[in-house]
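Contents: one structure, followed by commentary.
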Amino acid sequence: MARSLIDGRNIVKLSLDEIAWSDQAVRKPLSESRLELEKFLRTNTCWVIEGCYGDLVDVALPYCDELRFLNPGVETCIEHCRARPWEPEKYSSPDAQEEMLDTLISWVKEYENRDDEYGLKRHRKIFESFPGLKREYLTASEYSRSNN
């Protein structure tokens with residue numbers, strides 16, 4: 001969805017993965033990630049941010065004019081995990097990405113029961129409390145064709 005929203009326009013995209021993790025695949029201290037996000041928000045006026053980090057989304061919300069919640073269900077997310085292409089910005093090789101697939105799928109399976117910043121409860125709370133324009137997408141077809 002982020003790519004389709006940008007679609008050749010002069011819009012900057014930030015994946016929260018980029019600021020949440022160190023090169024050693026260890027979560028950075030929240031204070032460090034917040035500083036990077038705040039710098040991004042100060043230096044960019046037109047942007048799309050993607051990610052499931054409730055603590056970082058909370059930082060960006062005061063700057064948002066729209067919030068989109070992709071919530072197609074756990075099984076769809078698992079299908080997407082299995083079908084995703086190699087992400088060279090995250091993994092050194094396709095094999096390295098494949099090695100993490102079982103761990104990622106186990107993590108995704110806990111989404112609806114998790115009580116942390118990555119879980120449905122936290123995402124639902126963020127979405128419900130956002131006062132601006134917001135949309136929730138419950139199927140992949142809804143958000144794959146939505147580019148406005």
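Convention: chains lettered A, B, ... in structure tokens order; per-chain residue numbering from 1; ligands numbered from 1 as shown.
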Spatial neighbours of A:Arg82, max dist 12 Å, only C-alpha atoms, sep filter under 5 positions, as a compact mmCIF listing (two decimals) with C-alpha atoms, in the first residue's frame:
```
# COMPACT_ATOMS: atom_id res chain seq x y z
CA GLU A 75 -3.85 -16.39 7.93
CA THR A 76 -3.55 -13.73 5.22
CA CYS A 77 -0.50 -12.28 6.96
CA GLN A 97 15.51 -14.25 4.96
CA GLU A 98 14.25 -17.80 4.48
CA GLU A 99 16.00 -18.88 7.69
CA MET A 100 13.89 -16.39 9.63
CA LEU A 101 10.58 -17.40 8.06
CA ASP A 102 9.48 -19.93 10.72
CA THR A 103 10.28 -17.44 13.48
CA LEU A 104 8.32 -14.72 11.69
CA ILE A 105 5.32 -16.98 11.16
CA VAL A 108 2.51 -13.50 13.40
```
Enumerate, in order of chain and increasing residue number, the residues of stretch 33-79 of chain A with an atom no farther than 8 Å from stretch 115-119 of chain A, each with its shortest atom pair and distance in Å to one decimal, counting only C-alpha atoms, as a tab-separated table.
```
residue	atom	partner	partner_atom	distance
A:Cys52	CA	A:Tyr118	CA	5.7
A:Tyr53	CA	A:Tyr118	CA	5.7
A:Gly54	CA	A:Glu117	CA	4.6
A:Asp55	CA	A:Glu117	CA	6.2
```
Residues near stretch 61-64 of chain A, cut-off 12 Å, only C-alpha atoms, skip fewer than 3 positions along chain, as a ChimeraX atom specification
/A:37-38,40-42,44-49,54-58,67-68,126-127,129-134
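For chain A, backbone-based DSSP assignment of strand (DSSP E or B) covers Val12, Lys13, Leu14, Ser15, Trp21, Arg27, Trp47, Val48, Ile49, Glu50, Glu66, Leu67, Arg68, Phe69, Leu70, Leu133, Lys134, Arg135, Glu136 and Tyr137 of chain A.
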Suppose we keep C-alpha atoms; can you now write the selection as an mmCIF file, in the first residue's frame?
```cif
data_model
loop_
_atom_site.group_PDB
_atom_site.id
_atom_site.type_symbol
_atom_site.label_atom_id
_atom_site.label_comp_id
_atom_site.auth_asym_id
_atom_site.auth_seq_id
_atom_site.Cartn_x
_atom_site.Cartn_y
_atom_site.Cartn_z
ATOM 1 C CA VAL A 12 9.123 9.988 1.377
ATOM 2 C CA LYS A 13 8.486 6.523 2.838
ATOM 3 C CA LEU A 14 9.775 5.320 6.180
ATOM 4 C CA SER A 15 9.525 1.713 7.269
ATOM 5 C CA TRP A 21 16.412 -2.429 14.689
ATOM 6 C CA ARG A 27 15.753 -3.866 18.867
ATOM 7 C CA TRP A 47 5.434 11.125 3.975
ATOM 8 C CA VAL A 48 4.096 7.619 4.410
ATOM 9 C CA ILE A 49 5.185 5.626 7.441
ATOM 10 C CA GLU A 50 4.594 1.893 7.675
ATOM 11 C CA GLU A 66 -4.664 9.906 7.929
ATOM 12 C CA LEU A 67 -4.232 6.493 9.547
ATOM 13 C CA ARG A 68 -4.656 3.222 7.678
ATOM 14 C CA PHE A 69 -4.965 -0.027 9.604
ATOM 15 C CA LEU A 70 -4.210 -3.132 7.553
ATOM 16 C CA LEU A 133 -9.343 10.379 8.891
ATOM 17 C CA LYS A 134 -8.883 6.647 9.298
ATOM 18 C CA ARG A 135 -9.564 3.498 7.330
ATOM 19 C CA GLU A 136 -9.410 -0.143 8.313
ATOM 20 C CA TYR A 137 -8.812 -2.761 5.632
#
```
If DSSP is run on the backbone, what residues of chain A are alpha helix (DSSP H)? A reply as a PyMOL selection string would be ideal.
chain A and resi 2-6+16-20+30-43+54-60+74-83+94-99+101-109+120-129+140-144
What would the file look like if the residues just selected were written as a PDB file, in the first residue's frame with C-alpha atoms?
```pdb
ATOM      1  CA  ALA A   2       2.821   2.413   0.820  1.00  0.00           C
ATOM      2  CA  ARG A   3       4.288   1.995  -2.668  1.00  0.00           C
ATOM      3  CA  SER A   4       0.920   2.587  -4.306  1.00  0.00           C
ATOM      4  CA  LEU A   5       0.289   5.699  -2.203  1.00  0.00           C
ATOM      5  CA  ILE A   6       3.625   7.136  -3.270  1.00  0.00           C
ATOM      6  CA  LEU A  16       9.641   1.685  11.046  1.00  0.00           C
ATOM      7  CA  ASP A  17      11.796  -1.449  10.773  1.00  0.00           C
ATOM      8  CA  GLU A  18      14.587   0.866   9.583  1.00  0.00           C
ATOM      9  CA  ILE A  19      14.668   2.785  12.840  1.00  0.00           C
ATOM     10  CA  ALA A  20      13.583   0.053  15.251  1.00  0.00           C
ATOM     11  CA  LEU A  30      13.075   3.127  22.227  1.00  0.00           C
ATOM     12  CA  SER A  31      14.650   6.513  22.960  1.00  0.00           C
ATOM     13  CA  GLU A  32      17.022   6.108  20.002  1.00  0.00           C
ATOM     14  CA  SER A  33      14.236   5.050  17.621  1.00  0.00           C
ATOM     15  CA  ARG A  34      12.070   7.948  18.817  1.00  0.00           C
ATOM     16  CA  LEU A  35      14.851  10.440  18.093  1.00  0.00           C
ATOM     17  CA  GLU A  36      15.266   9.066  14.570  1.00  0.00           C
ATOM     18  CA  LEU A  37      11.509   9.210  13.988  1.00  0.00           C
ATOM     19  CA  GLU A  38      11.240  12.752  15.352  1.00  0.00           C
ATOM     20  CA  LYS A  39      14.073  13.842  13.054  1.00  0.00           C
ATOM     21  CA  PHE A  40      12.300  12.225  10.094  1.00  0.00           C
ATOM     22  CA  LEU A  41       9.057  14.026  10.987  1.00  0.00           C
ATOM     23  CA  ARG A  42      10.828  17.391  11.333  1.00  0.00           C
ATOM     24  CA  THR A  43      12.664  17.111   8.019  1.00  0.00           C
ATOM     25  CA  GLY A  54       2.703   0.832  18.564  1.00  0.00           C
ATOM     26  CA  ASP A  55       5.199   2.854  20.590  1.00  0.00           C
ATOM     27  CA  LEU A  56       6.581   4.514  17.450  1.00  0.00           C
ATOM     28  CA  VAL A  57       3.181   4.980  15.818  1.00  0.00           C
ATOM     29  CA  ASP A  58       2.173   6.896  18.958  1.00  0.00           C
ATOM     30  CA  VAL A  59       5.053   9.319  18.297  1.00  0.00           C
ATOM     31  CA  ALA A  60       3.956   9.899  14.690  1.00  0.00           C
ATOM     32  CA  VAL A  74      -3.518 -13.804  10.720  1.00  0.00           C
ATOM     33  CA  GLU A  75      -3.849 -16.385   7.928  1.00  0.00           C
ATOM     34  CA  THR A  76      -3.552 -13.725   5.224  1.00  0.00           C
ATOM     35  CA  CYS A  77      -0.504 -12.275   6.961  1.00  0.00           C
ATOM     36  CA  ILE A  78       1.108 -15.709   7.063  1.00  0.00           C
ATOM     37  CA  GLU A  79       0.410 -16.159   3.338  1.00  0.00           C
ATOM     38  CA  HIS A  80       2.080 -12.803   2.701  1.00  0.00           C
ATOM     39  CA  CYS A  81       5.098 -13.833   4.787  1.00  0.00           C
ATOM     40  CA  ARG A  82       5.505 -16.964   2.690  1.00  0.00           C
ATOM     41  CA  ALA A  83       5.102 -15.089  -0.614  1.00  0.00           C
ATOM     42  CA  PRO A  94      17.410 -14.669   0.254  1.00  0.00           C
ATOM     43  CA  ASP A  95      18.656 -17.638   2.277  1.00  0.00           C
ATOM     44  CA  ALA A  96      19.080 -15.473   5.385  1.00  0.00           C
ATOM     45  CA  GLN A  97      15.511 -14.248   4.962  1.00  0.00           C
ATOM     46  CA  GLU A  98      14.247 -17.800   4.485  1.00  0.00           C
ATOM     47  CA  GLU A  99      16.004 -18.881   7.687  1.00  0.00           C
ATOM     48  CA  LEU A 101      10.575 -17.399   8.058  1.00  0.00           C
ATOM     49  CA  ASP A 102       9.479 -19.927  10.716  1.00  0.00           C
ATOM     50  CA  THR A 103      10.282 -17.440  13.480  1.00  0.00           C
ATOM     51  CA  LEU A 104       8.319 -14.716  11.686  1.00  0.00           C
ATOM     52  CA  ILE A 105       5.321 -16.984  11.158  1.00  0.00           C
ATOM     53  CA  SER A 106       5.311 -18.019  14.830  1.00  0.00           C
ATOM     54  CA  TRP A 107       5.393 -14.342  15.769  1.00  0.00           C
ATOM     55  CA  VAL A 108       2.508 -13.504  13.404  1.00  0.00           C
ATOM     56  CA  LYS A 109       0.401 -16.356  14.823  1.00  0.00           C
ATOM     57  CA  LEU A 120      -4.042  -6.422  17.880  1.00  0.00           C
ATOM     58  CA  LYS A 121      -5.147  -4.950  21.220  1.00  0.00           C
ATOM     59  CA  ARG A 122      -2.601  -2.136  20.974  1.00  0.00           C
ATOM     60  CA  HIS A 123      -3.261  -1.532  17.287  1.00  0.00           C
ATOM     61  CA  ARG A 124      -7.019  -1.441  17.876  1.00  0.00           C
ATOM     62  CA  LYS A 125      -6.578   1.087  20.693  1.00  0.00           C
ATOM     63  CA  ILE A 126      -4.411   3.322  18.499  1.00  0.00           C
ATOM     64  CA  PHE A 127      -6.884   3.130  15.635  1.00  0.00           C
ATOM     65  CA  GLU A 128      -9.970   3.760  17.750  1.00  0.00           C
ATOM     66  CA  SER A 129      -8.440   6.752  19.539  1.00  0.00           C
ATOM     67  CA  ALA A 140      -5.898  -7.879   1.059  1.00  0.00           C
ATOM     68  CA  SER A 141      -7.972  -6.954  -1.992  1.00  0.00           C
ATOM     69  CA  GLU A 142      -9.251  -3.823  -0.219  1.00  0.00           C
ATOM     70  CA  TYR A 143      -5.816  -2.423   0.450  1.00  0.00           C
ATOM     71  CA  SER A 144      -4.060  -3.697  -2.671  1.00  0.00           C
TER      72      SER A 144
END
```
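One distance worth recording is that between atom CA of A:Thr139 and atom CA of A:Pro72, which is 4.6 Å.
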How many Å lie between atom CA of A:Pro85 and atom CA of A:Asp7, rounded to one decimal?
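So the two atoms, atom CA of A:Pro85 and atom CA of A:Asp7, lie 19.2 Å apart.
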